[in-house]
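To start, the structure under review is shown below, and the notes come after it.
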Amino acid sequence: MQKLDSTDREILKSLQENAHLTTKELASRLNLSPTPVYERVRRLENEGVIKKYVALIDREKVGKDLMVFCNIRLKEHAQEAGKKFVQEIVKLDEVIECHNISGEYDFMIKVVVEDMREYQSFLMNKLASLENIGSTHSTFVMSEIKNETRLDI
């Protein structure tokens, strides 16, 4: 991968703010012609710097009012057991993030559901059915203070 120069960084900053910008609009912001901007965006995509384009949804407006951070401790720490857990956890639609962490727990997942009843069902019927879970600890979000997707580059 090539090192990012100032033009690459400006392209990325602009696209993080508005992924709908056209090549022409990006070029205008950067005082460049469209062709080199198009080529840079394609290179950034091909190199995996730009992973994908998404629409950010207001979870509360679609009825997903409860956000929970759930820490998970595995019973067994063998490599295969960890791989199997990861293969299963990524299949759960309620889980929107999963992180392998250090410390008292092995994984932290971010779960978004409608309400406490749906979370209880998720916990008892889906999460608890996964093999190798030793214990869990749930932390319920009372209010979201900052939720930013933009990276400072």
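Each chain of the structure tokens is named A, B, ... in the order shown, its residues numbered from 1; ligands are numbered from 1 in display order.
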Item checked: Residue contacts of Val68 (chain A) (6 Å, only C-alpha atoms) excluding same-chain residues fewer than 2 positions away, as number ranges by chain -> A: 110-111, 139-141
Notebook entry, point to check: If we count only C-alpha atoms, what is near Tyr119 (chain A) at a cut-off of 9 Å, once residues fewer than 5 positions away on the same chain are taken out, given as a list of chain:residue names?
Noted result: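 Skipping anything fewer than 5 positions along the chain leaves A:Leu66, A:Val68, A:Glu94, A:Val111, A:Val112, A:Val113, A:Glu114, A:Met124.
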Write out the residues from the selection above, keeping C-alpha atoms, as a tab-separated table (two decimals), in the first residue's frame.
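Saved as result-v1.tsv:
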chain	number	residue	atom	x	y	z
A	66	LEU	CA	-31.81	-0.55	23.67
A	68	VAL	CA	-26.03	-3.13	25.40
A	94	GLU	CA	-28.39	-8.28	17.03
A	111	VAL	CA	-25.94	-5.46	20.87
A	112	VAL	CA	-28.84	-3.36	19.59
A	113	VAL	CA	-32.42	-4.52	20.17
A	114	GLU	CA	-35.90	-3.07	20.66
A	124	MET	CA	-31.17	-16.74	26.76
Next item on the list: Would you mind listing what lies within 12 Å of Val95 (chain A) as number ranges by chain, with only C-alpha atoms counted and same-chain residues fewer than 4 positions away left out?
Entry: A: 67-70, 86, 88-91, 99, 108-113, 119, 122-123, 126-127
Next item on the list: Go through chain A and collect every residue that DSSP, computed from the backbone, puts in alpha helix (DSSP H); the answer should be as an MDAnalysis selection string.
Entry: chainID A and resid 6:17 23:30 34:46 79:89 116:121
Notebook entry, point to check: Do you know which residues are at most 9 Å from region 35-41 of chain A counting only C-alpha atoms, after dropping those on the same chain fewer than 4 positions away, and could you put them as a list in words?
Noted result: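 Counting only the stated atoms, we get Thr7, Asp8, Ile11, Leu12, Thr23, Lys24, Leu26, Ala27, Leu30, Glu45, Asn46 and Ile50 of chain A.
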Filtering to all heavy atoms, could you give me those residues as a PDB file, in the first residue's frame?
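Below you can see part_16.pdb, which holds the result:
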ATOM      1  N   THR A   7      -3.524  14.799  -0.517  1.00  0.00           N
ATOM      2  CA  THR A   7      -4.711  14.703  -1.377  1.00  0.00           C
ATOM      3  C   THR A   7      -5.545  13.484  -1.007  1.00  0.00           C
ATOM      4  O   THR A   7      -6.772  13.563  -0.921  1.00  0.00           O
ATOM      5  CB  THR A   7      -4.296  14.650  -2.862  1.00  0.00           C
ATOM      6  OG1 THR A   7      -3.534  15.824  -3.172  1.00  0.00           O
ATOM      7  CG2 THR A   7      -5.506  14.585  -3.775  1.00  0.00           C
ATOM      8  N   ASP A   8      -4.873  12.343  -0.772  1.00  0.00           N
ATOM      9  CA  ASP A   8      -5.596  11.142  -0.331  1.00  0.00           C
ATOM     10  C   ASP A   8      -6.355  11.433   0.959  1.00  0.00           C
ATOM     11  O   ASP A   8      -7.515  11.053   1.111  1.00  0.00           O
ATOM     12  CB  ASP A   8      -4.627   9.982  -0.077  1.00  0.00           C
ATOM     13  CG  ASP A   8      -3.998   9.423  -1.341  1.00  0.00           C
ATOM     14  OD1 ASP A   8      -4.599   9.557  -2.421  1.00  0.00           O
ATOM     15  OD2 ASP A   8      -2.899   8.842  -1.242  1.00  0.00           O
ATOM     16  N   ILE A  11      -9.417  13.528   0.325  1.00  0.00           N
ATOM     17  CA  ILE A  11     -10.465  12.702  -0.287  1.00  0.00           C
ATOM     18  C   ILE A  11     -11.166  11.890   0.802  1.00  0.00           C
ATOM     19  O   ILE A  11     -12.399  11.848   0.875  1.00  0.00           O
ATOM     20  CB  ILE A  11      -9.873  11.775  -1.374  1.00  0.00           C
ATOM     21  CG1 ILE A  11      -9.474  12.591  -2.602  1.00  0.00           C
ATOM     22  CG2 ILE A  11     -10.861  10.668  -1.754  1.00  0.00           C
ATOM     23  CD1 ILE A  11      -8.673  11.812  -3.638  1.00  0.00           C
ATOM     24  N   LEU A  12     -10.383  11.251   1.665  1.00  0.00           N
ATOM     25  CA  LEU A  12     -10.959  10.422   2.723  1.00  0.00           C
ATOM     26  C   LEU A  12     -11.784  11.246   3.712  1.00  0.00           C
ATOM     27  O   LEU A  12     -12.871  10.831   4.121  1.00  0.00           O
ATOM     28  CB  LEU A  12      -9.851   9.652   3.451  1.00  0.00           C
ATOM     29  CG  LEU A  12      -9.136   8.598   2.603  1.00  0.00           C
ATOM     30  CD1 LEU A  12      -7.920   8.064   3.334  1.00  0.00           C
ATOM     31  CD2 LEU A  12     -10.090   7.478   2.209  1.00  0.00           C
ATOM     32  N   THR A  23     -17.445  12.221  -8.116  1.00  0.00           N
ATOM     33  CA  THR A  23     -16.047  12.487  -8.452  1.00  0.00           C
ATOM     34  C   THR A  23     -15.881  13.953  -8.826  1.00  0.00           C
ATOM     35  O   THR A  23     -14.907  14.600  -8.426  1.00  0.00           O
ATOM     36  CB  THR A  23     -15.587  11.576  -9.606  1.00  0.00           C
ATOM     37  OG1 THR A  23     -15.737  10.213  -9.188  1.00  0.00           O
ATOM     38  CG2 THR A  23     -14.153  11.835  -9.985  1.00  0.00           C
ATOM     39  N   LYS A  24     -16.838  14.483  -9.551  1.00  0.00           N
ATOM     40  CA  LYS A  24     -16.785  15.886  -9.967  1.00  0.00           C
ATOM     41  C   LYS A  24     -16.817  16.820  -8.749  1.00  0.00           C
ATOM     42  O   LYS A  24     -16.057  17.789  -8.673  1.00  0.00           O
ATOM     43  CB  LYS A  24     -17.955  16.186 -10.907  1.00  0.00           C
ATOM     44  CG  LYS A  24     -17.925  17.551 -11.526  1.00  0.00           C
ATOM     45  CD  LYS A  24     -19.063  17.726 -12.514  1.00  0.00           C
ATOM     46  CE  LYS A  24     -19.043  19.107 -13.116  1.00  0.00           C
ATOM     47  NZ  LYS A  24     -20.135  19.315 -14.063  1.00  0.00           N
ATOM     48  N   LEU A  26     -15.940  16.032  -5.632  1.00  0.00           N
ATOM     49  CA  LEU A  26     -14.670  15.851  -4.923  1.00  0.00           C
ATOM     50  C   LEU A  26     -13.555  16.639  -5.604  1.00  0.00           C
ATOM     51  O   LEU A  26     -12.771  17.328  -4.945  1.00  0.00           O
ATOM     52  CB  LEU A  26     -14.280  14.366  -4.892  1.00  0.00           C
ATOM     53  CG  LEU A  26     -14.724  13.533  -3.721  1.00  0.00           C
ATOM     54  CD1 LEU A  26     -14.373  12.071  -3.946  1.00  0.00           C
ATOM     55  CD2 LEU A  26     -14.121  14.018  -2.430  1.00  0.00           C
ATOM     56  N   ALA A  27     -13.489  16.520  -6.903  1.00  0.00           N
ATOM     57  CA  ALA A  27     -12.458  17.217  -7.669  1.00  0.00           C
ATOM     58  C   ALA A  27     -12.560  18.722  -7.471  1.00  0.00           C
ATOM     59  O   ALA A  27     -11.543  19.410  -7.304  1.00  0.00           O
ATOM     60  CB  ALA A  27     -12.565  16.852  -9.153  1.00  0.00           C
ATOM     61  N   LEU A  30     -11.138  19.780  -4.188  1.00  0.00           N
ATOM     62  CA  LEU A  30      -9.684  19.624  -4.122  1.00  0.00           C
ATOM     63  C   LEU A  30      -8.943  20.445  -5.171  1.00  0.00           C
ATOM     64  O   LEU A  30      -7.717  20.395  -5.247  1.00  0.00           O
ATOM     65  CB  LEU A  30      -9.319  18.141  -4.284  1.00  0.00           C
ATOM     66  CG  LEU A  30      -9.903  17.207  -3.228  1.00  0.00           C
ATOM     67  CD1 LEU A  30      -9.709  15.762  -3.628  1.00  0.00           C
ATOM     68  CD2 LEU A  30      -9.270  17.481  -1.875  1.00  0.00           C
ATOM     69  N   GLU A  45      -9.938   2.330  -2.719  1.00  0.00           N
ATOM     70  CA  GLU A  45     -10.871   1.206  -2.602  1.00  0.00           C
ATOM     71  C   GLU A  45     -10.141  -0.122  -2.815  1.00  0.00           C
ATOM     72  O   GLU A  45     -10.303  -1.061  -2.023  1.00  0.00           O
ATOM     73  CB  GLU A  45     -12.003   1.337  -3.626  1.00  0.00           C
ATOM     74  CG  GLU A  45     -12.935   2.493  -3.352  1.00  0.00           C
ATOM     75  CD  GLU A  45     -13.896   2.788  -4.495  1.00  0.00           C
ATOM     76  OE1 GLU A  45     -13.692   2.288  -5.626  1.00  0.00           O
ATOM     77  OE2 GLU A  45     -14.852   3.540  -4.254  1.00  0.00           O
ATOM     78  N   ASN A  46      -9.350  -0.205  -3.860  1.00  0.00           N
ATOM     79  CA  ASN A  46      -8.638  -1.448  -4.187  1.00  0.00           C
ATOM     80  C   ASN A  46      -7.641  -1.850  -3.116  1.00  0.00           C
ATOM     81  O   ASN A  46      -7.403  -3.042  -2.885  1.00  0.00           O
ATOM     82  CB  ASN A  46      -7.938  -1.341  -5.541  1.00  0.00           C
ATOM     83  CG  ASN A  46      -8.920  -1.271  -6.696  1.00  0.00           C
ATOM     84  OD1 ASN A  46     -10.045  -1.751  -6.584  1.00  0.00           O
ATOM     85  ND2 ASN A  46      -8.515  -0.664  -7.791  1.00  0.00           N
ATOM     86  N   ILE A  50     -10.564   2.330   1.764  1.00  0.00           N
ATOM     87  CA  ILE A  50     -12.016   2.502   1.787  1.00  0.00           C
ATOM     88  C   ILE A  50     -12.596   1.099   1.728  1.00  0.00           C
ATOM     89  O   ILE A  50     -12.473   0.415   0.716  1.00  0.00           O
ATOM     90  CB  ILE A  50     -12.514   3.349   0.593  1.00  0.00           C
ATOM     91  CG1 ILE A  50     -11.926   4.754   0.649  1.00  0.00           C
ATOM     92  CG2 ILE A  50     -14.046   3.392   0.578  1.00  0.00           C
ATOM     93  CD1 ILE A  50     -12.240   5.610  -0.564  1.00  0.00           C
TER      94      ILE A  50
END
Next item on the list: Pick out the closest residue to Ala55 (chain A) from this set: A:Ser135, A:Ser6, A:Asn71, A:Asn18. Count only C-alpha atoms.
Entry: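 For Ala55 (chain A), the nearest of the given residues is A:Asn18.
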Distance table requested - region 35-108 of chain A against region 128-131 of chain A, cut-off 12 Å, only C-alpha atoms: one row per qualifying residue with the closest atom pair and its distance in Å to one decimal, ordered by chain and rising residue number, as a tab-separated table.
residue	atom	partner	partner_atom	distance
A:Ile72	CA	A:Ala128	CA	10.6
A:Arg73	CA	A:Glu131	CA	11.6
A:Leu74	CA	A:Glu131	CA	8.9
A:Lys75	CA	A:Glu131	CA	8.9
A:Glu76	CA	A:Glu131	CA	9.8
A:Glu80	CA	A:Glu131	CA	11.8
A:Ala81	CA	A:Glu131	CA	8.5
A:Gly82	CA	A:Glu131	CA	10.1
A:Lys83	CA	A:Glu131	CA	11.4
A:Lys84	CA	A:Glu131	CA	8.4
A:Phe85	CA	A:Glu131	CA	7.2
A:Val86	CA	A:Leu130	CA	10.2
A:Gln87	CA	A:Leu130	CA	10.4
A:Glu88	CA	A:Leu130	CA	7.2
A:Ile89	CA	A:Leu130	CA	8.2
A:Val90	CA	A:Leu130	CA	11.7
A:Lys91	CA	A:Leu130	CA	11.2
A:Leu92	CA	A:Leu130	CA	10.7
Next item on the list: Identify, with DSSP run on backbone atoms, the residues in region 76-130 of chain A assigned to strand (DSSP E or B), and express the list as a PyMOL selection string.
Entry: chain A and resi 95-100+107-113
Got time to write the residues from that selection, N, CA, C and O atoms, as a tab-separated table (two decimals), in the first residue's frame?
chain	number	residue	atom	x	y	z
A	95	VAL	N	-25.97	-8.47	17.10
A	95	VAL	CA	-24.60	-8.06	17.41
A	95	VAL	C	-24.09	-7.18	16.27
A	95	VAL	O	-23.93	-7.64	15.15
A	96	ILE	N	-23.83	-5.90	16.58
A	96	ILE	CA	-23.35	-5.00	15.52
A	96	ILE	C	-21.85	-4.75	15.62
A	96	ILE	O	-21.27	-4.21	14.68
A	97	GLU	N	-21.24	-5.12	16.73
A	97	GLU	CA	-19.78	-5.05	16.88
A	97	GLU	C	-19.33	-6.19	17.75
A	97	GLU	O	-20.06	-6.60	18.67
A	98	CYS	N	-18.13	-6.68	17.49
A	98	CYS	CA	-17.53	-7.69	18.34
A	98	CYS	C	-16.03	-7.42	18.38
A	98	CYS	O	-15.40	-7.28	17.33
A	99	HIS	N	-15.48	-7.34	19.59
A	99	HIS	CA	-14.06	-7.04	19.76
A	99	HIS	C	-13.43	-8.08	20.67
A	99	HIS	O	-13.99	-8.42	21.72
A	100	ASN	N	-12.27	-8.57	20.27
A	100	ASN	CA	-11.46	-9.44	21.12
A	100	ASN	C	-10.66	-8.50	22.03
A	100	ASN	O	-9.95	-7.62	21.54
A	107	PHE	N	-14.08	-11.16	25.06
A	107	PHE	CA	-14.75	-10.46	23.97
A	107	PHE	C	-15.71	-9.43	24.54
A	107	PHE	O	-16.28	-9.62	25.62
A	108	MET	N	-15.91	-8.36	23.76
A	108	MET	CA	-16.95	-7.38	24.07
A	108	MET	C	-17.81	-7.26	22.81
A	108	MET	O	-17.28	-7.04	21.72
A	109	ILE	N	-19.11	-7.44	22.98
A	109	ILE	CA	-20.01	-7.28	21.85
A	109	ILE	C	-20.94	-6.09	22.12
A	109	ILE	O	-21.23	-5.76	23.27
A	110	LYS	N	-21.35	-5.47	21.04
A	110	LYS	CA	-22.32	-4.38	21.11
A	110	LYS	C	-23.60	-4.92	20.50
A	110	LYS	O	-23.60	-5.36	19.35
A	111	VAL	N	-24.66	-4.89	21.27
A	111	VAL	CA	-25.94	-5.46	20.87
A	111	VAL	C	-26.97	-4.35	20.80
A	111	VAL	O	-27.04	-3.51	21.71
A	112	VAL	N	-27.76	-4.34	19.73
A	112	VAL	CA	-28.84	-3.36	19.59
A	112	VAL	C	-30.14	-4.12	19.36
A	112	VAL	O	-30.24	-4.93	18.44
A	113	VAL	N	-31.12	-3.85	20.23
A	113	VAL	CA	-32.42	-4.52	20.17
A	113	VAL	C	-33.52	-3.51	20.51
A	113	VAL	O	-33.24	-2.38	20.90
